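Visitor: Structure provided below as structure tokens; questions to follow.
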Amino acid sequence: MKSLTIRLAAFAFFTVAICSSAFAHDYWNQWTGHLWNRGDPGSTTQAWEFNLGAGPNPTTSNNPYGIPFVTVQGNYVGGVPGPNGTPINVWQIGTPDATGQLGPGEVQIGVPNAFAHNPTKYVFLQITTDNPGQVVSVSPTPSSQSTPMNFITYPNTKWVTYNVLWEIHPNPDFELIKLLFPVGTHIEEIVVDTICVPEPNSVASLGTGLIGLVALLRRRK
């Protein structure tokens with residue numbers, strides 16, 4: 001049994017850019033009308049590909065505000081039939097009981113932000129798992145939660161990729177995402193995209209990538 005825990009110095013300012021292949025099951029571009037583009041000012045992207053043996057540091061990260069981290073209650077196992085049907089190495093989530101059966105487990109993800117208390121923060125999570133029956137939450141408490149895309153299923157397997165979008169007011173310094181699994185499961189990949197939305201009057205100085213976001217905010221007022 002391995003318990004993987006890492007702590008983040010949340011107030012350190014530096015960028016992690018870890019080169020890897022494209023995320024295996026990343027459906028960002030299938031989110032029709034997504035509210036921002038990767039690389040827009042104030043945005044971050046981080047991904048953990050657990051089939052690559054990902055540990056506390058993401059396999060891919062573009063976060064200028066600090067190092068994102070993951071805490072996994074579980075252990076690394078091999079030979080699990082993956083989304084494509086072939087055996088893969090993955091993180092197994094859950095704590096074995098006296099009979100060896102897997103019990104509940106937890107994954108926590110920390111994402112540092114810009115130290116700017118702008119009015120709105122969006123957090124978009126994608127996860128590929130063979131048991132999507134967990135409770136997903138984020139701290140600080142969001143003002144809204146939605147599912148922009150349908151579940152992505154994989155033929156003849158239990159695997160799915162699902163997503164959730166949170167809106168938080170105002171932009172916090174840090175988000176903590178928790179995934180509570182009531183039964184043992186496997187996770188292959190987690191991708192987190194975020195953006196800190198500036199005041200509408202300041203968007204002109206940031207470029208055109210946020211125009212759609214600002215228009216949305218104005219409509220909601």
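Ordered as shown in the structure tokens, chains take letters A, B, and onward, while each chain numbers its residues from 1 and ligands are numbered from 1 in the order shown.
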Kindly provide the residues of segment 107-212 of chain A that approach segment 20-44 of chain A to within 10 Å, each paired with its closest atom pair and their distance in Å to one decimal, based on only C-alpha atoms, listed by chain and increasing number, as a tab-separated table.
Guide:
residue	atom	partner	partner_atom	distance
A:Val111	CA	A:Thr44	CA	8.8
A:Pro112	CA	A:Thr44	CA	9.1
A:Asn113	CA	A:Thr44	CA	8.3
A:Ala114	CA	A:Gly42	CA	7.2
A:Ala116	CA	A:Gly42	CA	9.7
A:Lys121	CA	A:Gly42	CA	9.5
A:Tyr122	CA	A:Leu35	CA	8.9
A:Val123	CA	A:Thr44	CA	9.4
A:Phe124	CA	A:Trp28	CA	9.3
A:Leu125	CA	A:Trp28	CA	9.8
A:Gln126	CA	A:Asp26	CA	7.4
A:Ile127	CA	A:His25	CA	8.5
A:Thr128	CA	A:His25	CA	7.2
A:Thr147	CA	A:Trp31	CA	9.9
A:Pro148	CA	A:Trp31	CA	6.5
A:Met149	CA	A:Trp31	CA	5.9
A:Asn150	CA	A:Trp31	CA	9.2
A:Ile152	CA	A:Tyr27	CA	8.7
A:Val160	CA	A:His25	CA	9.7
A:Thr161	CA	A:His25	CA	7.4
A:Tyr162	CA	A:Tyr27	CA	9.3
A:Asn163	CA	A:Tyr27	CA	9.2
A:Glu188	CA	A:His25	CA	8.8
A:Glu189	CA	A:His25	CA	7.2
A:Ile190	CA	A:Asp26	CA	8.7
A:Val191	CA	A:Asp26	CA	7.2
A:Val192	CA	A:Thr44	CA	8.0
A:Asp193	CA	A:Thr44	CA	5.6
A:Thr194	CA	A:Thr44	CA	5.2
A:Ile195	CA	A:Ser43	CA	4.0
A:Cys196	CA	A:Gly42	CA	5.1
A:Val197	CA	A:Gly42	CA	7.0
A:Pro198	CA	A:Gly42	CA	8.2
A:Val203	CA	A:Pro41	CA	9.5
A:Leu206	CA	A:Pro41	CA	6.5
A:Gly207	CA	A:Pro41	CA	8.0
A:Thr208	CA	A:Asp40	CA	8.9
A:Gly209	CA	A:Asp40	CA	5.9
A:Leu210	CA	A:Trp36	CA	6.2
A:Ile211	CA	A:Trp36	CA	8.8
A:Gly212	CA	A:Leu35	CA	6.6
Visitor: Given the selection you just returned, output its residues as a file containing N, CA and C atoms, formatted as a compact mmCIF listing (two decimals), in the first residue's frame.
Guide:
# COMPACT_ATOMS: atom_id res chain seq x y z
N VAL A 111 -4.44 23.60 -7.02
CA VAL A 111 -4.08 24.45 -8.16
C VAL A 111 -3.87 25.88 -7.67
N PRO A 112 -2.64 26.42 -7.78
CA PRO A 112 -2.39 27.82 -7.39
C PRO A 112 -2.87 28.78 -8.46
N ASN A 113 -3.22 30.00 -8.01
CA ASN A 113 -3.79 31.02 -8.89
C ASN A 113 -2.97 32.30 -8.84
N ALA A 114 -3.37 33.21 -9.71
CA ALA A 114 -2.86 34.57 -9.64
C ALA A 114 -3.33 35.22 -8.35
N ALA A 116 -4.70 37.83 -7.58
CA ALA A 116 -5.53 38.95 -8.01
C ALA A 116 -6.97 38.56 -7.76
N LYS A 121 -13.64 33.19 -11.18
CA LYS A 121 -12.70 32.13 -11.52
C LYS A 121 -13.49 30.94 -12.05
N TYR A 122 -13.05 30.38 -13.19
CA TYR A 122 -13.63 29.16 -13.72
C TYR A 122 -12.63 28.03 -13.57
N VAL A 123 -13.13 26.86 -13.17
CA VAL A 123 -12.31 25.65 -13.03
C VAL A 123 -13.01 24.53 -13.78
N PHE A 124 -12.30 23.93 -14.73
CA PHE A 124 -12.85 22.86 -15.57
C PHE A 124 -12.04 21.60 -15.33
N LEU A 125 -12.71 20.53 -14.91
CA LEU A 125 -12.06 19.26 -14.58
C LEU A 125 -12.51 18.18 -15.53
N GLN A 126 -11.55 17.39 -16.04
CA GLN A 126 -11.84 16.17 -16.79
C GLN A 126 -11.16 15.01 -16.07
N ILE A 127 -11.85 13.89 -15.95
CA ILE A 127 -11.24 12.71 -15.32
C ILE A 127 -11.65 11.46 -16.08
N THR A 128 -10.70 10.57 -16.30
CA THR A 128 -10.94 9.28 -16.93
C THR A 128 -10.79 8.19 -15.88
N THR A 147 -22.10 20.63 -16.07
CA THR A 147 -21.42 19.60 -16.86
C THR A 147 -21.50 20.01 -18.33
N PRO A 148 -20.47 20.69 -18.85
CA PRO A 148 -20.57 21.22 -20.22
C PRO A 148 -20.63 20.15 -21.30
N MET A 149 -20.03 18.96 -21.04
CA MET A 149 -20.00 17.92 -22.07
C MET A 149 -20.65 16.65 -21.53
N ASN A 150 -21.12 15.79 -22.44
CA ASN A 150 -21.62 14.48 -22.07
C ASN A 150 -20.48 13.57 -21.64
N ILE A 152 -17.97 10.69 -21.96
CA ILE A 152 -17.34 9.97 -23.07
C ILE A 152 -17.18 8.52 -22.61
N VAL A 160 -14.95 5.73 -18.41
CA VAL A 160 -15.60 6.92 -18.93
C VAL A 160 -14.68 8.11 -18.68
N THR A 161 -14.86 9.15 -19.48
CA THR A 161 -14.27 10.45 -19.20
C THR A 161 -15.43 11.42 -18.99
N TYR A 162 -15.45 12.05 -17.83
CA TYR A 162 -16.51 13.00 -17.56
C TYR A 162 -15.91 14.31 -17.12
N ASN A 163 -16.74 15.32 -16.95
CA ASN A 163 -16.22 16.66 -16.72
C ASN A 163 -17.15 17.43 -15.80
N GLU A 188 -7.09 6.95 -14.74
CA GLU A 188 -6.05 6.96 -15.78
C GLU A 188 -5.53 8.37 -16.05
N GLU A 189 -6.41 9.37 -15.95
CA GLU A 189 -5.98 10.72 -16.29
C GLU A 189 -6.89 11.75 -15.65
N ILE A 190 -6.29 12.86 -15.21
CA ILE A 190 -7.03 14.02 -14.72
C ILE A 190 -6.45 15.25 -15.40
N VAL A 191 -7.31 16.10 -15.95
CA VAL A 191 -6.91 17.35 -16.59
C VAL A 191 -7.70 18.49 -15.94
N VAL A 192 -7.00 19.54 -15.53
CA VAL A 192 -7.65 20.69 -14.90
C VAL A 192 -7.26 21.95 -15.66
N ASP A 193 -8.26 22.69 -16.15
CA ASP A 193 -8.05 23.99 -16.77
C ASP A 193 -8.73 25.05 -15.93
N THR A 194 -8.08 26.20 -15.76
CA THR A 194 -8.69 27.28 -15.00
C THR A 194 -8.44 28.61 -15.70
N ILE A 195 -9.24 29.61 -15.32
CA ILE A 195 -8.97 30.97 -15.77
C ILE A 195 -9.51 31.96 -14.74
N CYS A 196 -8.72 32.99 -14.51
CA CYS A 196 -9.11 34.09 -13.64
C CYS A 196 -9.60 35.22 -14.55
N VAL A 197 -10.88 35.56 -14.42
CA VAL A 197 -11.48 36.54 -15.32
C VAL A 197 -11.27 37.94 -14.78
N PRO A 198 -10.66 38.84 -15.57
CA PRO A 198 -10.42 40.21 -15.10
C PRO A 198 -11.68 41.05 -15.14
N VAL A 203 -10.03 44.06 -19.93
CA VAL A 203 -9.79 42.99 -20.89
C VAL A 203 -9.12 43.50 -22.15
N LEU A 206 -5.54 42.86 -22.28
CA LEU A 206 -5.10 41.48 -22.21
C LEU A 206 -5.22 40.76 -23.54
N GLY A 207 -5.86 41.35 -24.51
CA GLY A 207 -6.02 40.68 -25.79
C GLY A 207 -7.46 40.28 -26.01
N THR A 208 -7.71 39.56 -27.09
CA THR A 208 -9.08 39.26 -27.50
C THR A 208 -9.59 37.92 -27.02
N GLY A 209 -8.74 37.09 -26.44
CA GLY A 209 -9.15 35.74 -26.08
C GLY A 209 -10.24 35.68 -25.03
N LEU A 210 -10.41 36.73 -24.24
CA LEU A 210 -11.39 36.72 -23.16
C LEU A 210 -12.67 37.46 -23.49
N ILE A 211 -12.82 37.93 -24.70
CA ILE A 211 -13.99 38.73 -25.05
C ILE A 211 -15.28 37.95 -24.81
N GLY A 212 -15.31 36.67 -25.22
CA GLY A 212 -16.51 35.87 -25.02
C GLY A 212 -16.85 35.70 -23.55
Visitor: Could you pull the residues within 10 Å of Ser139 of chain A, counting only C-alpha atoms, minus those fewer than 4 positions along the same chain, as a list in words?
Guide: Gly110, Ile168, Pro172, Phe174, Glu175, Leu176, Ile177 and Lys178 of chain A
Visitor: Take the selection from the previous step and output its residues with C-alpha atoms, as a tab-separated table (two decimals), in the first residue's frame.
Guide:
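result.tsv was written with the following content:
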chain	number	residue	atom	x	y	z
A	110	GLY	CA	-4.29	21.68	-5.54
A	168	ILE	CA	-16.10	30.75	-8.09
A	172	PRO	CA	-9.14	32.76	-4.79
A	174	PHE	CA	-5.74	28.58	-4.50
A	175	GLU	CA	-8.27	25.81	-5.27
A	176	LEU	CA	-8.43	22.38	-3.65
A	177	ILE	CA	-10.36	19.77	-5.65
A	178	LYS	CA	-11.47	16.60	-3.83
Visitor: Report as a PyMOL selection string: the residues of segment 10-163 of chain A with a DSSP assignment of helix (DSSP H, G or I), based on the backbone of this structure.
Guide: chain A and resi 28-30+50-52
Visitor: Quick one, how far is atom CA of Gln46 of chain A from atom CA of Gln145 of chain A?
Guide: 20.0 Å
Visitor: Need the shell around Trp159 of chain A: protein/DNA/RNA residues with any atom at most 8 Å away, counting only C-alpha atoms. Skip same-chain ones fewer than 3 positions apart. Format as a count of residues only?
Guide: 8
Visitor: Just the strand (DSSP E or B) stuff from segment 17-192 of chain A, please, per backbone DSSP, written as a PyMOL selection string.
Guide: chain A and resi 43-49+60-63+69-81+87-93+96+102+105-112+120-129+135-139+144-146+152-153+160-168+174-181+185-192
